[in-house]
$ cat data.cif   # mmCIF, C-alpha atoms and all ligand atoms
data_coords
#
loop_
_atom_site.label_atom_id
_atom_site.label_comp_id
_atom_site.auth_asym_id
_atom_site.auth_seq_id
_atom_site.Cartn_x
_atom_site.Cartn_y
_atom_site.Cartn_z
CA MET A 1 17.24 16.86 45.42
CA LEU A 2 14.06 15.91 47.19
CA ASP A 3 14.22 14.12 50.49
CA PHE A 4 10.49 13.53 50.62
CA MET A 5 7.91 11.79 48.58
CA VAL A 6 4.21 12.14 48.24
CA SER A 7 2.13 9.33 49.63
CA GLU A 8 -1.55 8.88 50.22
CA THR A 9 -1.05 10.46 53.61
CA GLY A 10 0.68 13.56 52.28
CA PHE A 11 4.37 14.33 52.43
CA GLU A 12 6.45 11.87 54.32
CA ARG A 13 10.07 12.16 55.10
CA SER A 14 12.22 9.36 53.93
CA ILE A 15 15.79 8.31 54.57
CA MET A 16 16.29 8.30 50.80
CA ASP A 17 16.82 11.18 48.40
CA PHE A 18 14.87 11.27 45.15
CA SER A 19 16.05 13.19 42.14
CA PRO A 20 13.56 13.34 39.21
CA LEU A 21 14.69 11.73 35.95
CA HIS A 22 12.05 13.39 33.78
CA ALA A 23 9.22 15.90 34.20
CA SER A 24 6.61 13.16 33.82
CA LEU A 25 7.97 10.12 35.66
CA GLY A 26 10.99 8.47 37.22
CA ALA A 27 13.42 9.29 40.01
CA SER A 28 16.97 8.43 40.77
CA VAL A 29 17.37 7.27 44.36
CA THR A 30 20.60 8.43 45.92
CA ASP A 31 22.22 7.61 49.24
CA ILE A 32 21.30 3.95 49.07
CA ASP A 33 23.46 0.90 48.72
CA CYS A 34 21.10 -1.78 47.44
CA ALA A 35 23.43 -4.44 48.90
CA ASP A 36 22.54 -3.36 52.47
CA ASP A 37 20.29 -5.80 54.27
CA ASP A 38 17.74 -3.28 55.52
CA ALA A 39 14.16 -4.56 55.49
CA GLN A 40 13.09 -1.21 57.05
CA ILE A 41 13.25 0.49 53.66
CA ALA A 42 10.77 -1.85 51.95
CA GLY A 43 7.74 0.29 52.80
CA ASP A 44 9.42 3.48 51.57
CA LEU A 45 10.55 1.79 48.37
CA GLN A 46 7.06 0.50 47.60
CA VAL A 47 5.49 3.93 48.13
CA ALA A 48 8.24 5.53 46.06
CA LEU A 49 7.74 3.10 43.17
CA ARG A 50 4.02 3.75 43.13
CA HIS A 51 4.62 7.50 43.14
CA TRP A 52 7.55 7.83 40.72
CA GLN A 53 6.67 4.75 38.57
CA VAL A 54 10.35 4.21 37.69
CA LEU A 55 13.19 4.16 40.23
CA LEU A 56 16.88 4.16 39.35
CA PHE A 57 19.78 3.20 41.62
CA ARG A 58 23.15 4.06 40.07
CA ASP A 59 26.59 2.53 40.65
CA GLN A 60 25.48 -0.62 42.42
CA ASP A 61 27.67 -3.65 42.95
CA LEU A 62 25.62 -6.60 44.15
CA SER A 63 26.06 -10.34 44.29
CA ASP A 64 23.20 -12.39 42.87
CA GLU A 65 22.06 -13.15 46.41
CA GLU A 66 22.05 -9.44 47.32
CA PHE A 67 20.17 -8.59 44.13
CA VAL A 68 17.38 -11.07 44.92
CA ARG A 69 17.16 -9.80 48.50
CA PHE A 70 16.91 -6.18 47.30
CA CYS A 71 14.17 -7.04 44.80
CA ARG A 72 12.13 -8.73 47.53
CA ASN A 73 11.65 -5.29 49.12
CA PHE A 74 9.04 -4.70 46.42
CA GLY A 75 7.08 -7.94 46.94
CA ASP A 76 7.17 -11.65 46.18
CA LEU A 77 9.27 -12.60 43.18
CA GLU A 78 8.09 -14.75 40.32
CA ILE A 79 9.90 -17.91 39.36
CA LEU A 80 10.07 -18.50 35.66
CA PRO A 81 8.23 -21.49 34.25
CA GLU A 82 11.13 -22.31 31.88
CA PRO A 83 13.88 -24.11 33.88
CA ASP A 84 16.48 -23.52 31.15
CA LYS A 85 16.25 -19.72 31.54
CA ARG A 86 16.66 -19.72 35.31
CA HIS A 87 19.75 -18.86 37.28
CA PRO A 88 21.18 -22.17 38.61
CA VAL A 89 21.08 -21.06 42.28
CA TYR A 90 18.50 -18.25 42.33
CA PRO A 91 15.51 -19.32 40.21
CA GLU A 92 14.06 -15.79 40.58
CA ILE A 93 16.81 -14.39 38.36
CA PHE A 94 16.38 -14.40 34.62
CA ASN A 95 19.48 -13.82 32.54
CA LEU A 96 18.35 -11.24 29.96
CA SER A 97 21.25 -11.42 27.57
CA ASN A 98 22.10 -11.52 23.90
CA VAL A 99 25.27 -13.54 24.58
CA LYS A 100 24.84 -17.13 23.41
CA PRO A 101 25.88 -20.02 25.69
CA ASP A 102 29.09 -20.40 23.66
CA GLY A 103 29.97 -16.72 24.28
CA SER A 104 29.29 -15.51 20.75
CA LEU A 105 26.70 -12.93 19.70
CA PRO A 106 23.62 -13.93 17.69
CA HIS A 107 22.63 -12.87 14.21
CA ARG A 108 19.63 -10.49 14.29
CA ASP A 109 17.40 -13.34 13.10
CA HIS A 110 18.64 -15.93 15.60
CA PRO A 111 15.77 -16.94 17.96
CA GLN A 112 17.56 -15.45 21.00
CA ALA A 113 17.89 -12.07 19.24
CA VAL A 114 14.36 -12.22 17.88
CA PHE A 115 13.01 -12.89 21.38
CA LEU A 116 14.90 -9.88 22.78
CA ARG A 117 13.90 -7.65 19.88
CA GLY A 118 10.28 -8.50 20.73
CA THR A 119 10.63 -6.13 23.71
CA SER A 120 11.14 -3.21 21.33
CA ARG A 121 7.40 -2.67 21.00
CA TRP A 122 5.61 -0.73 23.73
CA HIS A 123 4.33 -3.24 26.27
CA THR A 124 3.66 -3.93 29.91
CA ASP A 125 5.00 -7.22 31.21
CA SER A 126 2.69 -10.25 31.33
CA SER A 127 -0.49 -8.26 30.66
CA PHE A 128 -1.74 -11.45 28.98
CA ARG A 129 -2.27 -12.91 32.45
CA ASP A 130 -5.27 -12.50 34.74
CA THR A 131 -3.05 -10.89 37.36
CA PRO A 132 -0.12 -9.34 35.50
CA CYS A 133 3.17 -8.82 37.32
CA LEU A 134 3.53 -5.70 39.44
CA ALA A 135 7.03 -4.58 38.56
CA THR A 136 10.20 -5.60 36.77
CA VAL A 137 13.77 -4.97 37.94
CA LEU A 138 16.82 -4.91 35.66
CA TYR A 139 20.40 -4.81 36.87
CA ALA A 140 22.83 -3.75 34.14
CA VAL A 141 25.86 -6.03 34.07
CA THR A 142 27.17 -5.26 30.57
CA VAL A 143 25.82 -2.42 28.44
CA PRO A 144 26.47 -1.63 24.77
CA PRO A 145 28.72 1.39 24.13
CA GLU A 146 25.83 3.04 22.27
CA ASP A 147 22.04 2.63 22.00
CA GLY A 148 20.05 -0.15 23.66
CA ASP A 149 18.26 2.41 25.86
CA THR A 150 14.90 1.62 27.44
CA GLU A 151 11.93 3.98 27.21
CA PHE A 152 9.14 4.31 29.78
CA ALA A 153 5.77 5.96 29.16
CA ASN A 154 3.62 7.33 31.97
CA MET A 155 0.15 5.91 31.37
CA ILE A 156 -1.43 7.89 34.21
CA ALA A 157 -0.42 11.06 32.39
CA ALA A 158 -1.77 9.42 29.22
CA HIS A 159 -5.12 8.91 30.94
CA ASP A 160 -5.17 12.44 32.28
CA SER A 161 -4.50 13.82 28.79
CA LEU A 162 -7.77 12.39 27.43
CA ASP A 163 -10.69 14.71 27.08
CA GLU A 164 -13.83 13.97 29.05
CA ASN A 165 -15.80 12.46 26.15
CA GLU A 166 -13.07 10.12 25.02
CA ARG A 167 -12.32 9.08 28.59
CA ARG A 168 -15.95 8.17 29.19
CA GLU A 169 -16.05 6.16 25.99
CA LEU A 170 -12.80 4.32 26.67
CA GLU A 171 -13.85 3.53 30.25
CA GLN A 172 -16.56 1.26 28.82
CA LEU A 173 -14.13 -0.87 26.81
CA ARG A 174 -12.32 -4.07 27.60
CA VAL A 175 -9.27 -5.16 25.67
CA VAL A 176 -8.25 -8.74 24.90
CA HIS A 177 -4.59 -9.33 25.82
CA SER A 178 -3.11 -12.29 24.01
CA TYR A 179 0.29 -13.91 24.21
CA ALA A 180 -0.40 -15.76 20.95
CA TYR A 181 -1.06 -12.41 19.24
CA SER A 182 2.00 -10.57 20.58
CA ARG A 183 4.21 -13.49 19.70
CA SER A 184 2.85 -13.65 16.18
CA ALA A 185 3.48 -9.88 15.81
CA ASN A 186 7.12 -10.20 16.95
CA PRO A 187 9.54 -8.40 14.62
CA GLY A 188 11.15 -11.64 13.45
CA LYS A 189 10.36 -15.28 12.97
CA LEU A 190 9.73 -17.43 16.06
CA GLU A 191 8.76 -21.10 16.12
CA PRO A 192 4.96 -21.48 16.11
CA MET A 193 3.55 -22.42 19.51
CA SER A 194 2.15 -25.89 20.10
CA ALA A 195 -1.48 -26.37 21.14
CA GLU A 196 -0.21 -27.34 24.59
CA GLU A 197 1.81 -24.11 24.96
CA LEU A 198 -1.14 -22.05 23.73
CA ALA A 199 -3.44 -23.69 26.26
CA ARG A 200 -1.15 -22.46 29.06
CA VAL A 201 -1.61 -18.81 28.05
CA PRO A 202 -5.30 -18.30 27.27
CA ASP A 203 -6.41 -14.81 26.20
CA VAL A 204 -7.70 -12.51 28.95
CA ALA A 205 -9.75 -9.31 28.80
CA HIS A 206 -8.76 -6.29 30.91
CA PRO A 207 -10.40 -2.89 31.17
CA LEU A 208 -8.78 -0.35 28.86
CA ILE A 209 -8.80 2.21 31.67
CA ARG A 210 -7.87 0.76 35.03
CA GLN A 211 -8.59 2.12 38.45
CA HIS A 212 -5.98 1.86 41.18
CA ASP A 213 -6.83 1.54 44.85
CA ASP A 214 -5.38 4.98 45.56
CA GLY A 215 -7.85 6.58 43.11
CA ARG A 216 -5.46 7.05 40.19
CA ARG A 217 -6.44 5.83 36.72
CA SER A 218 -4.25 4.71 33.86
CA VAL A 219 -4.51 3.46 30.31
CA PHE A 220 -3.65 -0.24 30.12
CA LEU A 221 -2.52 -1.21 26.62
CA GLY A 222 0.75 -2.44 25.10
CA GLY A 223 1.99 -5.11 22.72
CA HIS A 224 -0.06 -7.96 24.17
CA ALA A 225 -3.27 -5.91 23.67
CA SER A 226 -4.82 -7.56 20.65
CA HIS A 227 -8.24 -6.02 20.06
CA ILE A 228 -11.30 -4.60 21.80
CA ASP A 229 -13.45 -7.29 23.38
CA GLY A 230 -16.61 -7.85 21.33
CA GLU A 231 -15.46 -5.74 18.37
CA PRO A 232 -14.05 -6.84 14.97
CA VAL A 233 -10.37 -7.74 15.42
CA ALA A 234 -8.70 -5.86 12.55
CA ALA A 235 -10.48 -2.53 13.02
CA SER A 236 -10.27 -2.48 16.81
CA ARG A 237 -6.62 -3.55 16.71
CA ALA A 238 -5.86 -0.61 14.42
CA ARG A 239 -7.69 1.66 16.86
CA ILE A 240 -5.66 0.36 19.81
CA ARG A 241 -2.34 0.81 18.02
CA ALA A 242 -3.29 4.36 16.99
CA LEU A 243 -4.30 5.19 20.59
CA GLU A 244 -1.06 3.71 21.92
CA ASN A 245 0.98 5.77 19.44
CA ARG A 246 -0.84 8.94 20.39
CA LEU A 247 -0.56 8.34 24.14
CA THR A 248 3.19 7.68 24.04
CA ALA A 249 3.86 10.96 22.22
CA ILE A 250 2.62 13.54 24.70
CA GLY A 251 5.85 14.35 26.53
CA ASN A 252 5.31 11.47 28.99
CA VAL A 253 8.30 9.30 28.00
CA TYR A 254 11.55 8.93 29.90
CA ARG A 255 14.39 7.37 27.92
CA HIS A 256 16.93 5.60 30.09
CA HIS A 257 20.50 5.38 28.90
CA TRP A 258 22.07 2.47 30.76
CA ARG A 259 25.31 2.52 32.67
CA GLN A 260 26.93 -0.58 34.03
CA GLY A 261 25.82 -0.94 37.68
CA ASP A 262 22.36 0.58 37.19
CA ILE A 263 19.47 -1.08 38.95
CA LEU A 264 16.17 0.14 37.59
CA ILE A 265 12.65 -0.89 38.52
CA TRP A 266 9.42 0.03 36.76
CA ASP A 267 5.79 -0.25 37.78
CA ASN A 268 4.03 -2.34 35.14
CA ARG A 269 0.62 -1.19 36.36
CA THR A 270 1.05 2.41 35.28
CA THR A 271 3.77 2.44 32.61
CA LEU A 272 4.58 0.98 29.21
CA HIS A 273 8.19 0.29 28.25
CA ARG A 274 10.25 -0.69 25.23
CA LEU A 275 13.82 -1.46 24.31
CA THR A 276 15.32 0.86 21.70
CA ASP A 277 17.34 -0.78 18.98
CA TYR A 278 21.05 -1.51 19.21
CA ALA A 279 23.59 -3.57 17.28
CA ILE A 280 22.50 -6.85 18.86
CA ASP A 281 24.91 -8.86 16.70
CA ARG A 282 27.84 -6.62 17.66
CA TYR A 283 27.63 -5.60 21.32
CA PRO A 284 26.88 -7.72 24.39
CA ARG A 285 24.01 -6.45 26.54
CA VAL A 286 23.57 -8.42 29.75
CA MET A 287 20.95 -7.72 32.41
CA ARG A 288 19.91 -9.64 35.49
CA ARG A 289 16.14 -9.48 35.72
CA CYS A 290 13.70 -10.13 38.55
CA THR A 291 9.94 -9.91 38.34
CA VAL A 292 7.76 -8.78 41.23
CA ALA A 293 4.54 -10.79 41.30
CA GLY A 294 1.24 -9.00 40.85
CA CYS A 295 -1.19 -8.58 43.68
CA ASP A 296 -3.58 -5.91 42.38
CA PRO A 297 -6.36 -7.14 40.12
CA VAL A 298 -6.94 -5.04 37.01
CA VAL A 299 -10.17 -3.28 37.93
CA PRO A 300 -12.30 -1.02 35.73
CA VAL A 301 -13.44 2.49 36.57
CA LEU A 302 -16.56 2.12 38.64
CA ALA A 303 -19.75 3.53 37.19
CA GLY A 304 -20.99 6.80 38.58
C1 LIG B 401 11.82 -6.73 29.98
C2 LIG B 401 12.05 -5.75 28.89
C3 LIG B 401 13.61 -4.20 27.93
C4 LIG B 401 15.08 -3.96 27.88
O1 LIG B 401 12.80 -7.24 30.54
O2 LIG B 401 10.65 -6.99 30.28
O3 LIG B 401 11.12 -5.38 28.23
O4 LIG B 401 15.45 -2.80 27.63
N1 LIG B 401 13.30 -5.31 28.74
O5 LIG B 401 15.85 -4.91 28.07
MN MN B 402 9.21 -6.05 29.15
#

$ encode --input "data.cif" --output "structure tokens"
Amino acid sequence: MLDFMVSETGFERSIMDFSPLHASLGASVTDIDCADDDAQIAGDLQVALRHWQVLLFRDQDLSDEEFVRFCRNFGDLEILPEPDKRHPVYPEIFNLSNVKPDGSLPHRDHPQAVFLRGTSRWHTDSSFRDTPCLATVLYAVTVPPEDGDTEFANMIAAHDSLDENERRELEQLRVVHSYAYSRSANPGKLEPMSAEELARVPDVAHPLIRQHDDGRRSVFLGGHASHIDGEPVAASRARIRALENRLTAIGNVYRHHWRQGDILIWDNRTTLHRLTDYAIDRYPRVMRRCTVAGCDPVVPVLAG
């Protein structure tokens, strides 16, 4: 058990205990009831998230109101653009669930299942936006009896694994992130998007290697990453996918097996994540989800 964490200023004591989940990233936070209304812990939680990249809080029992309040410790919360997916009272909560409105489970090819299965490719949330979201929080309400784990890859470790020459080359590149592309590559058939919908999510280019304000660097890729800006689409897309495969196979992946009552938050700036398969037509899997709005621009490594 560690009762400290590393911050920019060195070791700081914290009222929380952190127990590593994996050698590369992630910590379980013990001695905390996320239902407590304690705004004092927000600063510690934000530093801890930055440092550990994934934080887990086990055995929690929160009302929807308490869940939203806890998530606000990490920053402002996004409100979904789609009114039909919002919680009726707390518009910050998204019901991430394979249970259909009538209580039945969908066939694997039903749009609701196809949408959820889309998260089974490595990605970082909303990287198709100019300012992608900072973090995502899931609260496990119902978990399948087997499978349906979520994997997290440490993309700072991925960066640090690159040799000097490759790093210098990749630092020069920008990658086009495209919602239209990731949707078209979904592992199942989704309705085509209208011109109006497409216009709301224009492609953006982000640096392939991003620099954080604390000096760390990470590789910024994932399922919305379509191709390298200014390069032929097919060849540069193949290069991106190969790089992503290589950089998520270097011992930098934590696989989380969910228990009912888990609250888990990940830092979208420095990790990729993906759902692992489960019998989506057989077992309910229900998560409450909140999204912490982005505030850091995606900045490239400065020359020099
Ligand atoms: C998400 C996501 C994965 C999961 O909510 O952004 O990718 O395991 N979820 O449900
Ligand atoms: Mn996601």

$ closest_atom_pairs --input "data.cif" --of "chain A" --to "ligand LIG 401 (chain B)" --cutoff "8 Å" --atoms "only C-alpha atoms and all ligand atoms" --output "tab-separated table"
residue	atom	partner	partner_atom	distance
A:Leu96	CA	B:LIG401	O1	6.9
A:Leu116	CA	B:LIG401	O5	7.3
A:Thr119	CA	B:LIG401	O3	4.6
A:Ser120	CA	B:LIG401	C3	7.1
A:His123	CA	B:LIG401	O3	7.4
A:Thr124	CA	B:LIG401	O2	7.6
A:Asp125	CA	B:LIG401	O2	5.7
A:Thr136	CA	B:LIG401	O2	6.7
A:Val137	CA	B:LIG401	O1	7.8
A:Leu138	CA	B:LIG401	O1	6.9
A:Gly148	CA	B:LIG401	O4	6.6
A:Asp149	CA	B:LIG401	O4	6.2
A:Thr150	CA	B:LIG401	O4	4.5
A:Glu151	CA	B:LIG401	O4	7.7
A:His273	CA	B:LIG401	O3	6.4
A:Arg274	CA	B:LIG401	C3	5.6
A:Leu275	CA	B:LIG401	O4	3.9
A:Thr276	CA	B:LIG401	O4	7.0
A:Met287	CA	B:LIG401	O5	7.3
A:Arg289	CA	B:LIG401	O1	6.6

$ closest_residue --input "data.cif" --among "A:Ala39, A:Leu49, A:Val253, A:Ala135" --to "ligand MN 402 (chain B)" --atoms "all atoms listed in the file"
A:Ala135

$ residues_around --input "data.cif" --residues "region 82-92 of chain A" --least-positions-apart "2" --cutoff "12 Å" --atoms "only C-alpha atoms" --output "PyMOL selection string"
chain A and resi 63-69+71-72+76-80+94-97+101+112+136-137+197+288-293

$ residues_around --input "data.cif" --residues "Ser184 (chain A)" --least-positions-apart "3" --cutoff "12 Å" --atoms "only C-alpha atoms" --output "list of chain:residue names"
A:Val114, A:Phe115, A:Gly118, A:Ser178, A:Tyr179, A:Ala180, A:Tyr181, A:Pro187, A:Gly188, A:Lys189, A:Leu190, A:Glu191, A:Pro192, A:Met193, A:Leu198, A:Gly223, A:His224, A:Ser226

$ write_last_selection --input "data.cif" --atoms "C-alpha atoms" --output "PDB file, in the frame of the given file"
ATOM      1  CA  VAL A 114      14.360 -12.220  17.880  1.00  0.00           C
ATOM      2  CA  PHE A 115      13.010 -12.890  21.380  1.00  0.00           C
ATOM      3  CA  GLY A 118      10.280  -8.500  20.730  1.00  0.00           C
ATOM      4  CA  SER A 178      -3.110 -12.290  24.010  1.00  0.00           C
ATOM      5  CA  TYR A 179       0.290 -13.910  24.210  1.00  0.00           C
ATOM      6  CA  ALA A 180      -0.400 -15.760  20.950  1.00  0.00           C
ATOM      7  CA  TYR A 181      -1.060 -12.410  19.240  1.00  0.00           C
ATOM      8  CA  PRO A 187       9.540  -8.400  14.620  1.00  0.00           C
ATOM      9  CA  GLY A 188      11.150 -11.640  13.450  1.00  0.00           C
ATOM     10  CA  LYS A 189      10.360 -15.280  12.970  1.00  0.00           C
ATOM     11  CA  LEU A 190       9.730 -17.430  16.060  1.00  0.00           C
ATOM     12  CA  GLU A 191       8.760 -21.100  16.120  1.00  0.00           C
ATOM     13  CA  PRO A 192       4.960 -21.480  16.110  1.00  0.00           C
ATOM     14  CA  MET A 193       3.550 -22.420  19.510  1.00  0.00           C
ATOM     15  CA  LEU A 198      -1.140 -22.050  23.730  1.00  0.00           C
ATOM     16  CA  GLY A 223       1.990  -5.110  22.720  1.00  0.00           C
ATOM     17  CA  HIS A 224      -0.060  -7.960  24.170  1.00  0.00           C
ATOM     18  CA  SER A 226      -4.820  -7.560  20.650  1.00  0.00           C
TER      19      SER A 226
END

$ closest_atom_pairs --input "data.cif" --of "region 2-99 of chain A" --to "region 264-269 of chain A" --cutoff "9 Å" --atoms "only C-alpha atoms" --output "tab-separated table"
residue	atom	partner	partner_atom	distance
A:Gly26	CA	A:Trp266	CA	8.6
A:Ser28	CA	A:Leu264	CA	8.9
A:Leu49	CA	A:Asp267	CA	6.6
A:Arg50	CA	A:Asp267	CA	6.9
A:Trp52	CA	A:Asp267	CA	8.8
A:Gln53	CA	A:Asp267	CA	5.1
A:Val54	CA	A:Trp266	CA	4.4
A:Leu55	CA	A:Ile265	CA	5.4
A:Leu56	CA	A:Leu264	CA	4.4
A:Phe57	CA	A:Leu264	CA	6.2
A:Arg58	CA	A:Leu264	CA	8.4
A:Cys71	CA	A:Ile265	CA	8.9

$ closest_residue --input "data.cif" --among "A:Asp281, A:Glu171, A:Asp44, A:Asp37" --to "Phe220 (chain A)" --atoms "only C-alpha atoms"
A:Glu171

$ atom_distance --input "data.cif" --atom1 "CA of Tyr139 (chain A)" --atom2 "CA of Asp33 (chain A)"
13.5 Å

$ atom_distance --input "data.cif" --atom1 "CA of Arg167 (chain A)" --atom2 "atom MN of ligand MN 402 (chain B)"
26.3 Å

$ atom_distance --input "data.cif" --atom1 "CA of Val176 (chain A)" --atom2 "CA of Asp130 (chain A)"
10.9 Å

$ closest_residue --input "data.cif" --among "A:Pro144, A:Pro111, A:Pro81, A:Pro106" --to "Asp277 (chain A)" --atoms "all atoms listed in the file"
A:Pro144

$ residues_around --input "data.cif" --residues "region 202-216 of chain A" --least-positions-apart "6" --cutoff "10 Å" --atoms "all atoms listed in the file" --output "VMD selection string"
chain A and resid 7 to 8 50 127 to 131 155 to 156 159 to 160 167 to 168 170 to 181 224 to 229 240 269 to 270 296 to 302

$ axis_aligned_box --input "data.cif" --around "region 99-111 of chain A" --padding-each-side "8 Å" --output "AutoDock Vina command-line options"
--center_x 22.9 --center_y -15.4 --center_z 19.4 --size_x 30.2 --size_y 25.9 --size_z 28.6

$ closest_residue --input "data.cif" --among "A:Arg237, A:Gly251, A:Gln40, A:His107" --to "Leu25 (chain A)" --atoms "only C-alpha atoms"
A:Gly251

$ closest_residue --input "data.cif" --among "A:His256, A:Arg117, A:Arg108, A:Arg282" --to "ligand MN 402 (chain B)" --atoms "only C-alpha atoms and all ligand atoms"
A:Arg117

$ closest_residue --input "data.cif" --among "A:Arg217, A:His257, A:Arg121, A:Lys100" --to "ligand MN 402 (chain B)" --atoms "all atoms listed in the file"
A:Arg121

$ residues_around --input "data.cif" --residues "Thr30 (chain A)" --least-positions-apart "3" --cutoff "7 Å" --atoms "all atoms listed in the file" --output "ChimeraX atom specification"
/A:16-18,57

$ residues_around --input "data.cif" --residues "Gln46 (chain A)" --least-positions-apart "6" --cutoff "9 Å" --atoms "only C-alpha atoms" --output "number ranges by chain"
A: 73-75

$ write_last_selection --input "data.cif" --atoms "C-alpha atoms" --output "PDB file, in the frame of the given file"
ATOM      1  CA  ASN A  73      11.650  -5.290  49.120  1.00  0.00           C
ATOM      2  CA  PHE A  74       9.040  -4.700  46.420  1.00  0.00           C
ATOM      3  CA  GLY A  75       7.080  -7.940  46.940  1.00  0.00           C
TER       4      GLY A  75
END

$ build_atoms --input "data.cif" --residues "region 144-157 of chain A" --atoms "N, CA, C and O atoms" --output "CSV table (one decimal), in the coordinates of the input"
chain,number,residue,atom,x,y,z
A,144,PRO,N,25.8,-2.0,26.0
A,144,PRO,CA,26.5,-1.6,24.8
A,144,PRO,C,27.1,-0.2,24.8
A,144,PRO,O,26.6,0.6,25.6
A,145,PRO,N,28.1,0.1,24.1
A,145,PRO,CA,28.7,1.4,24.1
A,145,PRO,C,27.8,2.5,23.6
A,145,PRO,O,28.0,3.6,23.8
A,146,GLU,N,26.8,2.1,22.8
A,146,GLU,CA,25.8,3.0,22.3
A,146,GLU,C,24.5,2.3,22.1
A,146,GLU,O,24.4,1.1,21.9
A,147,ASP,N,23.4,3.1,22.2
A,147,ASP,CA,22.0,2.6,22.0
A,147,ASP,C,21.6,1.6,23.0
A,147,ASP,O,22.3,1.4,24.1
A,148,GLY,N,20.6,0.8,22.7
A,148,GLY,CA,20.0,-0.2,23.7
A,148,GLY,C,19.4,0.5,24.9
A,148,GLY,O,19.4,-0.1,26.0
A,149,ASP,N,18.9,1.7,24.7
A,149,ASP,CA,18.3,2.4,25.9
A,149,ASP,C,16.9,1.8,26.1
A,149,ASP,O,16.4,1.0,25.2
A,150,THR,N,16.3,2.1,27.2
A,150,THR,CA,14.9,1.6,27.4
A,150,THR,C,14.0,2.8,27.7
A,150,THR,O,14.4,3.7,28.4
A,151,GLU,N,12.9,2.9,27.0
A,151,GLU,CA,11.9,4.0,27.2
A,151,GLU,C,10.7,3.6,28.1
A,151,GLU,O,10.3,2.4,28.0
A,152,PHE,N,10.3,4.5,28.9
A,152,PHE,CA,9.1,4.3,29.8
A,152,PHE,C,8.1,5.4,29.6
A,152,PHE,O,8.4,6.6,29.6
A,153,ALA,N,6.9,5.0,29.4
A,153,ALA,CA,5.8,6.0,29.2
A,153,ALA,C,4.8,6.0,30.4
A,153,ALA,O,4.4,4.9,30.9
A,154,ASN,N,4.5,7.2,30.8
A,154,ASN,CA,3.6,7.3,32.0
A,154,ASN,C,2.2,7.2,31.5
A,154,ASN,O,1.6,8.1,30.8
A,155,MET,N,1.5,6.1,31.9
A,155,MET,CA,0.2,5.9,31.4
A,155,MET,C,-0.9,6.5,32.3
A,155,MET,O,-2.1,6.5,32.0
A,156,ILE,N,-0.5,7.1,33.4
A,156,ILE,CA,-1.4,7.9,34.2
A,156,ILE,C,-1.5,9.2,33.5
A,156,ILE,O,-2.6,9.8,33.3
A,157,ALA,N,-0.4,9.8,33.1
A,157,ALA,CA,-0.4,11.1,32.4
A,157,ALA,C,-1.2,10.9,31.1
A,157,ALA,O,-1.9,11.8,30.6
